[in-house]
Amino acid sequence: MNQAEVSKLVSKLRMNIKPEHRRLKNLKGPEGRIDKLRKTVTGLIKFERIELNINRGDEARQYAERLISEAIRHGDCHKPTMDMANFWLLEKQLVHKLFKVLVPRFENSTVSYTKMIKAPKAQNTEHTNKIVLELRGNPYPDLIVKQPNNRLWIQNVLLDAAKYDYRQSKISEIAANIGKDTQLSSSSLTANNKGGTQKEES
Amino acid sequence: MFPRFIQVVQHLKNLERSILLSLFGHPPKELALAVSVNQQPKPTPKAFSIHDLIGDGFLLAVPKFRRTVEKRLNRKFGWPEYVWKPFVPKTNLKTCHECGHHHEQGRLCGNCYKKIGKETKEIQGEILKKLGSGPIEQDVIVLYEGETLPDQQKEFWKGKRIVEMKKERPQWFSKNLLQKSTQQPSKSTDVKPTDLA
Ligand SMILES: [Zn+2]
């Protein structure tokens, strides 16, 4: 085969991609759609955490991932990559950020560069489906806490107190039964011994 | 259904009659039956008026036809695939491990997200103020008041920009109830206060 390997031409995104693109309604058609996505990608690189509707967020995420992976792959001396960064980042100070901040941050990462988390739904609404889109390694407080601290909930405090009470009562019960146990076992031993002797006699 | 159908048929009949009469007029008198009747003076008919019927009262809009059972039930309960009106218990609710509020499975907790979102916006504003409009070439580290850099090698801190927040790190859930909280106590006088420490 006189064909280049596809994996060497395009870097694989580390996220699931829908077989069909999501529809973003726009008066200007495809051009307006791309404009919208450019704004979103710029915002994501600038603020590192933004809240969006799911359609727009998911579409923009793919472009942001691709942009960062291309930047890591080719560096800032590669003309097409530079053009791509110029196109997608509307504020030119962010081109510097992409190559000097994000590339070192994500160079050795083995997971996706962005994270998409579903935001809480407002009560009694059907159609709004918001998400939070963020870059990994951002300086903000974590949205998902891996080691939850729920020991201080009032129900857990009460349960702990109840457990402590129960254990104390059990221990005191056992302590009271220690003497009786030895008496019982000794009496049963003697009874067994008597039986044995009777058998031997017969 | 059936009374409605009869009404439609009656309307059609009336329409046909009025069209035929207007096109061809009445049938010729020669075809009529010849009947000898004692001519008596006809009483002049009084013009009918709705006021004779109701007098001082008034009429309400009332249903003309019966609604079927199926229609009535659909109006009452909706249709499960489209709009199902009775309340259905949600089975995808979970308790947040951090604050204990309820949230939908697979989504962030609303209470925690509100706090974190507020803090995130503050930090974003602070970072934007610090970095300005020049080219961004350094990563950012956020430090709160009274905090020092964690123990790391010097190379780790090289080329990083430190953004200082002018307040203590928010401690949303204090470990000890006697410990001082960094959240401001609520000043609202509502019956159900929000944003408590
Ligand atoms: Zn929570």
# chains A, B, ... in the order shown; residues from 1 in each chain; ligands from 1
>>> closest_atom_pairs(of="chain B", to="ligand 1", cutoff="10 Å", atoms="only C-alpha atoms and all ligand atoms", output="tab-separated table")
residue	atom	partner	partner_atom_place_in_ligand_line	distance
B:Thr95	CA	ligand 1	1 (Zn)	7.8
B:Cys96	CA	ligand 1	1 (Zn)	4.5
B:His97	CA	ligand 1	1 (Zn)	6.6
B:Glu98	CA	ligand 1	1 (Zn)	5.0
B:Cys99	CA	ligand 1	1 (Zn)	4.2
B:Gly100	CA	ligand 1	1 (Zn)	5.9
B:His101	CA	ligand 1	1 (Zn)	5.5
B:His102	CA	ligand 1	1 (Zn)	7.5
B:His103	CA	ligand 1	1 (Zn)	7.8
B:Leu108	CA	ligand 1	1 (Zn)	7.7
B:Cys109	CA	ligand 1	1 (Zn)	4.6
B:Gly110	CA	ligand 1	1 (Zn)	6.5
B:Asn111	CA	ligand 1	1 (Zn)	5.1
B:Cys112	CA	ligand 1	1 (Zn)	4.2
B:Tyr113	CA	ligand 1	1 (Zn)	7.3
B:Lys114	CA	ligand 1	1 (Zn)	9.2
B:Lys115	CA	ligand 1	1 (Zn)	9.3
>>> write_last_selection(atoms="N, CA, C and O atoms", output="PDB file, in the first residue's frame")
ATOM      1  N   THR B  95     -28.127  11.938  47.010  1.00  0.00           N
ATOM      2  CA  THR B  95     -27.724  12.914  48.015  1.00  0.00           C
ATOM      3  C   THR B  95     -26.283  13.310  47.756  1.00  0.00           C
ATOM      4  O   THR B  95     -25.439  12.464  47.514  1.00  0.00           O
ATOM      5  N   CYS B  96     -26.020  14.596  47.797  1.00  0.00           N
ATOM      6  CA  CYS B  96     -24.652  15.081  47.571  1.00  0.00           C
ATOM      7  C   CYS B  96     -23.766  14.633  48.728  1.00  0.00           C
ATOM      8  O   CYS B  96     -24.149  14.766  49.888  1.00  0.00           O
ATOM      9  N   HIS B  97     -22.569  14.113  48.410  1.00  0.00           N
ATOM     10  CA  HIS B  97     -21.678  13.632  49.471  1.00  0.00           C
ATOM     11  C   HIS B  97     -21.039  14.776  50.236  1.00  0.00           C
ATOM     12  O   HIS B  97     -20.484  14.582  51.299  1.00  0.00           O
ATOM     13  N   GLU B  98     -21.078  15.971  49.637  1.00  0.00           N
ATOM     14  CA  GLU B  98     -20.408  17.097  50.280  1.00  0.00           C
ATOM     15  C   GLU B  98     -21.344  17.849  51.217  1.00  0.00           C
ATOM     16  O   GLU B  98     -20.992  18.155  52.345  1.00  0.00           O
ATOM     17  N   CYS B  99     -22.532  18.185  50.706  1.00  0.00           N
ATOM     18  CA  CYS B  99     -23.400  19.079  51.479  1.00  0.00           C
ATOM     19  C   CYS B  99     -24.708  18.432  51.872  1.00  0.00           C
ATOM     20  O   CYS B  99     -25.423  18.978  52.709  1.00  0.00           O
ATOM     21  N   GLY B 100     -25.058  17.291  51.298  1.00  0.00           N
ATOM     22  CA  GLY B 100     -26.277  16.627  51.715  1.00  0.00           C
ATOM     23  C   GLY B 100     -27.535  17.065  50.996  1.00  0.00           C
ATOM     24  O   GLY B 100     -28.600  16.551  51.279  1.00  0.00           O
ATOM     25  N   HIS B 101     -27.429  17.998  50.065  1.00  0.00           N
ATOM     26  CA  HIS B 101     -28.600  18.371  49.286  1.00  0.00           C
ATOM     27  C   HIS B 101     -28.874  17.294  48.242  1.00  0.00           C
ATOM     28  O   HIS B 101     -27.997  16.501  47.918  1.00  0.00           O
ATOM     29  N   HIS B 102     -30.080  17.306  47.716  1.00  0.00           N
ATOM     30  CA  HIS B 102     -30.423  16.314  46.701  1.00  0.00           C
ATOM     31  C   HIS B 102     -30.117  16.852  45.306  1.00  0.00           C
ATOM     32  O   HIS B 102     -30.241  18.034  45.045  1.00  0.00           O
ATOM     33  N   HIS B 103     -29.701  15.942  44.435  1.00  0.00           N
ATOM     34  CA  HIS B 103     -29.454  16.349  43.050  1.00  0.00           C
ATOM     35  C   HIS B 103     -29.714  15.166  42.155  1.00  0.00           C
ATOM     36  O   HIS B 103     -29.759  14.027  42.610  1.00  0.00           O
ATOM     37  N   LEU B 108     -24.319  17.746  38.482  1.00  0.00           N
ATOM     38  CA  LEU B 108     -23.699  18.366  39.641  1.00  0.00           C
ATOM     39  C   LEU B 108     -24.765  18.720  40.673  1.00  0.00           C
ATOM     40  O   LEU B 108     -25.934  18.919  40.337  1.00  0.00           O
ATOM     41  N   CYS B 109     -24.333  18.824  41.927  1.00  0.00           N
ATOM     42  CA  CYS B 109     -25.251  19.248  42.989  1.00  0.00           C
ATOM     43  C   CYS B 109     -25.472  20.750  42.853  1.00  0.00           C
ATOM     44  O   CYS B 109     -24.523  21.519  42.730  1.00  0.00           O
ATOM     45  N   GLY B 110     -26.721  21.170  42.856  1.00  0.00           N
ATOM     46  CA  GLY B 110     -27.036  22.575  42.644  1.00  0.00           C
ATOM     47  C   GLY B 110     -26.454  23.480  43.706  1.00  0.00           C
ATOM     48  O   GLY B 110     -25.951  24.560  43.412  1.00  0.00           O
ATOM     49  N   ASN B 111     -26.510  23.035  44.946  1.00  0.00           N
ATOM     50  CA  ASN B 111     -26.023  23.858  46.062  1.00  0.00           C
ATOM     51  C   ASN B 111     -24.510  24.072  45.964  1.00  0.00           C
ATOM     52  O   ASN B 111     -24.019  25.197  46.042  1.00  0.00           O
ATOM     53  N   CYS B 112     -23.777  22.966  45.724  1.00  0.00           N
ATOM     54  CA  CYS B 112     -22.312  23.074  45.622  1.00  0.00           C
ATOM     55  C   CYS B 112     -21.943  23.898  44.394  1.00  0.00           C
ATOM     56  O   CYS B 112     -21.042  24.724  44.437  1.00  0.00           O
ATOM     57  N   TYR B 113     -22.656  23.664  43.282  1.00  0.00           N
ATOM     58  CA  TYR B 113     -22.301  24.333  42.030  1.00  0.00           C
ATOM     59  C   TYR B 113     -22.501  25.836  42.135  1.00  0.00           C
ATOM     60  O   TYR B 113     -21.740  26.612  41.558  1.00  0.00           O
ATOM     61  N   LYS B 114     -23.524  26.232  42.890  1.00  0.00           N
ATOM     62  CA  LYS B 114     -23.780  27.665  43.071  1.00  0.00           C
ATOM     63  C   LYS B 114     -22.584  28.324  43.763  1.00  0.00           C
ATOM     64  O   LYS B 114     -22.090  29.369  43.333  1.00  0.00           O
ATOM     65  N   LYS B 115     -22.102  27.671  44.820  1.00  0.00           N
ATOM     66  CA  LYS B 115     -20.971  28.239  45.566  1.00  0.00           C
ATOM     67  C   LYS B 115     -19.706  28.249  44.711  1.00  0.00           C
ATOM     68  O   LYS B 115     -18.988  29.260  44.656  1.00  0.00           O
TER      69      LYS B 115
END
>>> residues_around(residues="stretch 15-31 of chain A", least_positions_apart="2", cutoff="10 Å", atoms="only C-alpha atoms", output="ChimeraX atom specification")
/A:12-13,33-37,54-56,58-59,61-62,65,111-115
>>> select_by_dssp(residues="stretch 9-176 of chain A", states="strand (DSSP E or B)", output="ChimeraX atom specification")
/A:49-53,114-118,130-135
>>> closest_residue(among="B:Glu104, B:Glu164, B:Asp52, B:Glu70", to="chain A", atoms="only C-alpha atoms")
B:Glu104
>>> select_by_dssp(residues="stretch 1-200 of chain A", states="alpha helix (DSSP H)", output="PyMOL selection string")
chain A and resi 6-9+30-47+54-74+79-88+93-97+103-106+154-200
>>> residues_around(residues="A:Leu135", least_positions_apart="4", cutoff="12 Å", atoms="only C-alpha atoms", output="VMD selection string")
chain A and resid 41 43 to 50 61 64 to 65 68 98 101 to 102 105 to 106 111 to 117 139 to 140 142
>>> write_last_selection(atoms="N, CA, C and O atoms", output="mmCIF file, in the first residue's frame")
data_model
loop_
_atom_site.group_PDB
_atom_site.id
_atom_site.type_symbol
_atom_site.label_atom_id
_atom_site.label_comp_id
_atom_site.auth_asym_id
_atom_site.auth_seq_id
_atom_site.Cartn_x
_atom_site.Cartn_y
_atom_site.Cartn_z
ATOM 1 N N VAL A 41 -14.729 28.479 21.545
ATOM 2 C CA VAL A 41 -13.374 27.956 21.762
ATOM 3 C C VAL A 41 -12.496 29.037 22.396
ATOM 4 O O VAL A 41 -11.732 28.782 23.329
ATOM 5 N N GLY A 43 -13.481 31.514 24.244
ATOM 6 C CA GLY A 43 -13.882 31.669 25.640
ATOM 7 C C GLY A 43 -13.342 30.563 26.512
ATOM 8 O O GLY A 43 -12.903 30.803 27.639
ATOM 9 N N LEU A 44 -13.374 29.339 25.998
ATOM 10 C CA LEU A 44 -12.880 28.210 26.785
ATOM 11 C C LEU A 44 -11.396 28.370 27.093
ATOM 12 O O LEU A 44 -10.961 28.164 28.237
ATOM 13 N N ILE A 45 -10.605 28.737 26.090
ATOM 14 C CA ILE A 45 -9.165 28.885 26.304
ATOM 15 C C ILE A 45 -8.901 30.070 27.239
ATOM 16 O O ILE A 45 -7.978 30.039 28.043
ATOM 17 N N LYS A 46 -9.753 31.097 27.161
ATOM 18 C CA LYS A 46 -9.521 32.286 27.966
ATOM 19 C C LYS A 46 -9.900 32.065 29.425
ATOM 20 O O LYS A 46 -9.126 32.344 30.329
ATOM 21 N N PHE A 47 -11.114 31.551 29.647
ATOM 22 C CA PHE A 47 -11.627 31.465 31.025
ATOM 23 C C PHE A 47 -11.388 30.107 31.665
ATOM 24 O O PHE A 47 -11.503 29.958 32.874
ATOM 25 N N GLU A 48 -11.129 29.088 30.875
ATOM 26 C CA GLU A 48 -10.847 27.724 31.333
ATOM 27 C C GLU A 48 -12.043 27.010 31.944
ATOM 28 O O GLU A 48 -11.992 25.821 32.209
ATOM 29 N N ARG A 49 -13.124 27.739 32.238
ATOM 30 C CA ARG A 49 -14.340 27.049 32.704
ATOM 31 C C ARG A 49 -15.532 27.896 32.300
ATOM 32 O O ARG A 49 -15.619 29.058 32.693
ATOM 33 N N ILE A 50 -16.420 27.331 31.481
ATOM 34 C CA ILE A 50 -17.596 28.097 31.036
ATOM 35 C C ILE A 50 -18.829 27.207 31.081
ATOM 36 O O ILE A 50 -18.721 25.976 31.030
ATOM 37 N N ARG A 61 -16.179 21.645 22.021
ATOM 38 C CA ARG A 61 -15.180 20.851 22.722
ATOM 39 C C ARG A 61 -14.299 20.082 21.737
ATOM 40 O O ARG A 61 -13.083 20.007 21.901
ATOM 41 N N ALA A 64 -11.768 22.407 20.259
ATOM 42 C CA ALA A 64 -10.744 22.801 21.229
ATOM 43 C C ALA A 64 -9.743 21.669 21.441
ATOM 44 O O ALA A 64 -8.523 21.886 21.456
ATOM 45 N N GLU A 65 -10.265 20.428 21.548
ATOM 46 C CA GLU A 65 -9.390 19.273 21.736
ATOM 47 C C GLU A 65 -8.431 19.125 20.558
ATOM 48 O O GLU A 65 -7.231 18.917 20.723
ATOM 49 N N ILE A 68 -5.683 21.829 20.608
ATOM 50 C CA ILE A 68 -4.618 21.608 21.592
ATOM 51 C C ILE A 68 -3.740 20.437 21.169
ATOM 52 O O ILE A 68 -2.509 20.488 21.262
ATOM 53 N N LEU A 98 -1.890 29.349 24.275
ATOM 54 C CA LEU A 98 -2.003 27.983 23.760
ATOM 55 C C LEU A 98 -0.638 27.312 23.700
ATOM 56 O O LEU A 98 -0.465 26.190 24.166
ATOM 57 N N VAL A 101 1.464 27.975 27.575
ATOM 58 C CA VAL A 101 0.878 27.517 28.840
ATOM 59 C C VAL A 101 0.236 26.151 28.689
ATOM 60 O O VAL A 101 0.508 25.221 29.444
ATOM 61 N N LEU A 102 -0.604 26.022 27.664
ATOM 62 C CA LEU A 102 -1.381 24.785 27.561
ATOM 63 C C LEU A 102 -0.553 23.622 27.039
ATOM 64 O O LEU A 102 -0.730 22.492 27.484
ATOM 65 N N ARG A 105 1.400 22.177 29.814
ATOM 66 C CA ARG A 105 0.508 21.577 30.801
ATOM 67 C C ARG A 105 0.029 20.202 30.360
ATOM 68 O O ARG A 105 -0.073 19.282 31.156
ATOM 69 N N PHE A 106 -0.262 20.061 29.063
ATOM 70 C CA PHE A 106 -0.890 18.825 28.597
ATOM 71 C C PHE A 106 0.069 17.880 27.882
ATOM 72 O O PHE A 106 -0.357 16.863 27.372
ATOM 73 N N VAL A 111 -5.051 11.617 29.163
ATOM 74 C CA VAL A 111 -6.511 11.712 29.063
ATOM 75 C C VAL A 111 -6.869 12.955 28.244
ATOM 76 O O VAL A 111 -5.992 13.683 27.786
ATOM 77 N N SER A 112 -8.159 13.180 28.097
ATOM 78 C CA SER A 112 -8.597 14.326 27.299
ATOM 79 C C SER A 112 -8.165 15.624 27.960
ATOM 80 O O SER A 112 -7.931 15.680 29.158
ATOM 81 N N TYR A 113 -8.087 16.677 27.145
ATOM 82 C CA TYR A 113 -7.628 17.969 27.670
ATOM 83 C C TYR A 113 -8.762 18.767 28.295
ATOM 84 O O TYR A 113 -8.529 19.642 29.100
ATOM 85 N N THR A 114 -9.975 18.465 27.867
ATOM 86 C CA THR A 114 -11.125 19.188 28.412
ATOM 87 C C THR A 114 -12.049 18.220 29.137
ATOM 88 O O THR A 114 -11.935 17.011 28.975
ATOM 89 N N LYS A 115 -12.943 18.806 29.909
ATOM 90 C CA LYS A 115 -13.865 17.995 30.697
ATOM 91 C C LYS A 115 -15.250 18.579 30.522
ATOM 92 O O LYS A 115 -15.408 19.810 30.530
ATOM 93 N N MET A 116 -16.246 17.706 30.312
ATOM 94 C CA MET A 116 -17.612 18.207 30.156
ATOM 95 C C MET A 116 -18.474 17.579 31.245
ATOM 96 O O MET A 116 -18.584 16.360 31.317
ATOM 97 N N ILE A 117 -19.056 18.408 32.093
ATOM 98 C CA ILE A 117 -19.865 17.920 33.207
ATOM 99 C C ILE A 117 -21.255 18.526 33.098
ATOM 100 O O ILE A 117 -21.399 19.706 32.773
ATOM 101 N N PRO A 139 -7.138 26.572 37.673
ATOM 102 C CA PRO A 139 -6.859 26.980 39.055
ATOM 103 C C PRO A 139 -8.104 27.128 39.934
ATOM 104 O O PRO A 139 -7.992 27.621 41.043
ATOM 105 N N TYR A 140 -9.263 26.711 39.462
ATOM 106 C CA TYR A 140 -10.491 26.941 40.221
ATOM 107 C C TYR A 140 -10.781 25.765 41.155
ATOM 108 O O TYR A 140 -10.226 24.688 40.984
ATOM 109 N N ASP A 142 -12.433 22.486 42.632
ATOM 110 C CA ASP A 142 -12.920 21.332 41.885
ATOM 111 C C ASP A 142 -14.441 21.254 41.905
ATOM 112 O O ASP A 142 -15.072 21.542 42.912
#
>>> interface_residues(of="chain A", to="chain B", cutoff="7 Å", atoms="only C-alpha atoms", output="JSON, numbers by chain")
{"A": [47, 93, 94, 96, 97, 100, 101, 118, 119, 120, 139, 140, 141, 148, 149, 150]}
>>> write_last_selection(atoms="all heavy atoms", output="tab-separated table (two decimals), in the first residue's frame")
chain	number	residue	atom	x	y	z
A	47	PHE	N	-11.11	31.55	29.65
A	47	PHE	CA	-11.63	31.46	31.02
A	47	PHE	C	-11.39	30.11	31.67
A	47	PHE	O	-11.50	29.96	32.87
A	47	PHE	CB	-13.12	31.78	31.04
A	47	PHE	CG	-13.44	33.20	30.69
A	47	PHE	CD1	-14.02	33.53	29.49
A	47	PHE	CD2	-13.12	34.21	31.57
A	47	PHE	CE1	-14.31	34.84	29.17
A	47	PHE	CE2	-13.41	35.52	31.27
A	47	PHE	CZ	-13.99	35.84	30.08
A	93	GLN	N	-3.83	37.29	22.07
A	93	GLN	CA	-3.00	36.97	23.23
A	93	GLN	C	-3.15	35.51	23.64
A	93	GLN	O	-2.29	34.94	24.31
A	93	GLN	CB	-3.38	37.88	24.41
A	93	GLN	CG	-4.82	37.69	24.84
A	93	GLN	CD	-5.20	38.54	26.03
A	93	GLN	OE1	-6.22	39.06	26.09
A	93	GLN	NE2	-4.42	38.70	27.00
A	94	LEU	N	-4.26	34.91	23.19
A	94	LEU	CA	-4.50	33.52	23.58
A	94	LEU	C	-3.67	32.54	22.75
A	94	LEU	O	-3.47	31.40	23.15
A	94	LEU	CB	-5.98	33.20	23.42
A	94	LEU	CG	-6.89	33.97	24.38
A	94	LEU	CD1	-8.34	33.69	24.08
A	94	LEU	CD2	-6.57	33.62	25.81
A	96	HIS	N	-0.55	32.90	22.29
A	96	HIS	CA	0.62	32.71	23.17
A	96	HIS	C	0.29	31.73	24.28
A	96	HIS	O	1.08	30.87	24.62
A	96	HIS	CB	1.02	34.06	23.77
A	96	HIS	CG	1.57	35.01	22.76
A	96	HIS	ND1	2.92	35.09	22.49
A	96	HIS	CD2	0.96	35.89	21.93
A	96	HIS	CE1	3.11	36.01	21.56
A	96	HIS	NE2	1.94	36.50	21.20
A	97	LYS	N	-0.92	31.90	24.84
A	97	LYS	CA	-1.32	31.02	25.95
A	97	LYS	C	-1.35	29.57	25.48
A	97	LYS	O	-0.91	28.67	26.19
A	97	LYS	CB	-2.69	31.45	26.46
A	97	LYS	CG	-3.11	30.66	27.68
A	97	LYS	CD	-4.44	31.11	28.23
A	97	LYS	CE	-4.77	30.29	29.46
A	97	LYS	NZ	-6.04	30.66	30.06
A	100	LYS	N	2.39	28.41	25.01
A	100	LYS	CA	3.34	28.55	26.12
A	100	LYS	C	2.78	28.06	27.44
A	100	LYS	O	3.54	27.76	28.37
A	100	LYS	CB	3.76	30.01	26.25
A	100	LYS	CG	4.65	30.38	25.09
A	100	LYS	CD	5.16	31.79	25.18
A	100	LYS	CE	6.02	32.08	23.95
A	100	LYS	NZ	6.23	33.50	23.76
A	101	VAL	N	1.46	27.97	27.57
A	101	VAL	CA	0.88	27.52	28.84
A	101	VAL	C	0.24	26.15	28.69
A	101	VAL	O	0.51	25.22	29.44
A	101	VAL	CB	-0.17	28.54	29.35
A	101	VAL	CG1	-0.81	28.05	30.62
A	101	VAL	CG2	0.48	29.90	29.55
A	118	LYS	N	-22.26	17.72	33.38
A	118	LYS	CA	-23.64	18.23	33.29
A	118	LYS	C	-23.93	19.14	34.47
A	118	LYS	O	-23.69	18.77	35.62
A	118	LYS	CB	-24.62	17.06	33.29
A	118	LYS	CG	-24.69	16.38	31.96
A	118	LYS	CD	-25.67	15.24	32.00
A	118	LYS	CE	-25.69	14.51	30.68
A	118	LYS	NZ	-26.44	13.26	30.75
A	119	ALA	N	-24.45	20.31	34.17
A	119	ALA	CA	-24.80	21.27	35.22
A	119	ALA	C	-26.18	20.93	35.78
A	119	ALA	O	-26.96	20.24	35.12
A	119	ALA	CB	-24.80	22.68	34.65
A	120	PRO	N	-26.47	21.37	36.99
A	120	PRO	CA	-27.79	21.08	37.56
A	120	PRO	C	-28.89	21.73	36.74
A	120	PRO	O	-28.72	22.82	36.21
A	120	PRO	CB	-27.72	21.67	38.96
A	120	PRO	CG	-26.59	22.60	38.94
A	120	PRO	CD	-25.62	22.09	37.94
A	139	PRO	N	-7.14	26.57	37.67
A	139	PRO	CA	-6.86	26.98	39.06
A	139	PRO	C	-8.10	27.13	39.93
A	139	PRO	O	-7.99	27.62	41.04
A	139	PRO	CB	-6.17	28.34	38.88
A	139	PRO	CG	-6.72	28.87	37.62
A	139	PRO	CD	-7.06	27.71	36.75
A	140	TYR	N	-9.26	26.71	39.46
A	140	TYR	CA	-10.49	26.94	40.22
A	140	TYR	C	-10.78	25.76	41.16
A	140	TYR	O	-10.23	24.69	40.98
A	140	TYR	CB	-11.67	27.14	39.26
A	140	TYR	CG	-11.38	28.13	38.17
A	140	TYR	CD1	-11.46	27.78	36.84
A	140	TYR	CD2	-10.99	29.43	38.49
A	140	TYR	CE1	-11.17	28.70	35.84
A	140	TYR	CE2	-10.71	30.34	37.50
A	140	TYR	CZ	-10.80	29.97	36.19
A	140	TYR	OH	-10.51	30.87	35.21
A	141	PRO	N	-11.66	25.98	42.13
A	141	PRO	CA	-12.03	24.86	43.00
A	141	PRO	C	-12.70	23.73	42.21
A	141	PRO	O	-13.40	23.98	41.24
A	141	PRO	CB	-13.02	25.49	43.99
A	141	PRO	CG	-13.34	26.84	43.48
A	141	PRO	CD	-12.24	27.25	42.59
A	148	PRO	N	-15.12	12.59	49.31
A	148	PRO	CA	-16.15	13.38	49.96
A	148	PRO	C	-16.02	13.34	51.48
A	148	PRO	O	-15.61	12.33	52.05
A	148	PRO	CB	-17.45	12.72	49.51
A	148	PRO	CG	-17.07	11.35	49.12
A	148	PRO	CD	-15.66	11.40	48.64
A	149	ASN	N	-16.34	14.45	52.08
A	149	ASN	CA	-16.26	14.56	53.53
A	149	ASN	C	-17.67	14.66	54.07
A	149	ASN	O	-18.23	15.73	54.17
A	149	ASN	CB	-15.44	15.80	53.89
A	149	ASN	CG	-15.43	16.05	55.37
A	149	ASN	OD1	-15.64	15.12	56.16
A	149	ASN	ND2	-15.23	17.29	55.75
A	150	ASN	N	-18.25	13.48	54.38
A	150	ASN	CA	-19.63	13.51	54.87
A	150	ASN	C	-19.73	13.03	56.31
A	150	ASN	O	-20.80	12.68	56.79
A	150	ASN	CB	-20.55	12.69	53.97
A	150	ASN	CG	-20.06	11.28	53.79
A	150	ASN	OD1	-19.15	10.85	54.48
A	150	ASN	ND2	-20.65	10.56	52.87
>>> atom_distance(atom1="atom CA of B:Lys118", atom2="atom CA of A:Arg136")
19.1 Å
>>> atom_distance(atom1="atom CA of B:Lys187", atom2="atom CA of A:Leu143")
27.2 Å
>>> atom_distance(atom1="atom CA of B:Arg67", atom2="atom CA of B:Arg4")
10.8 Å
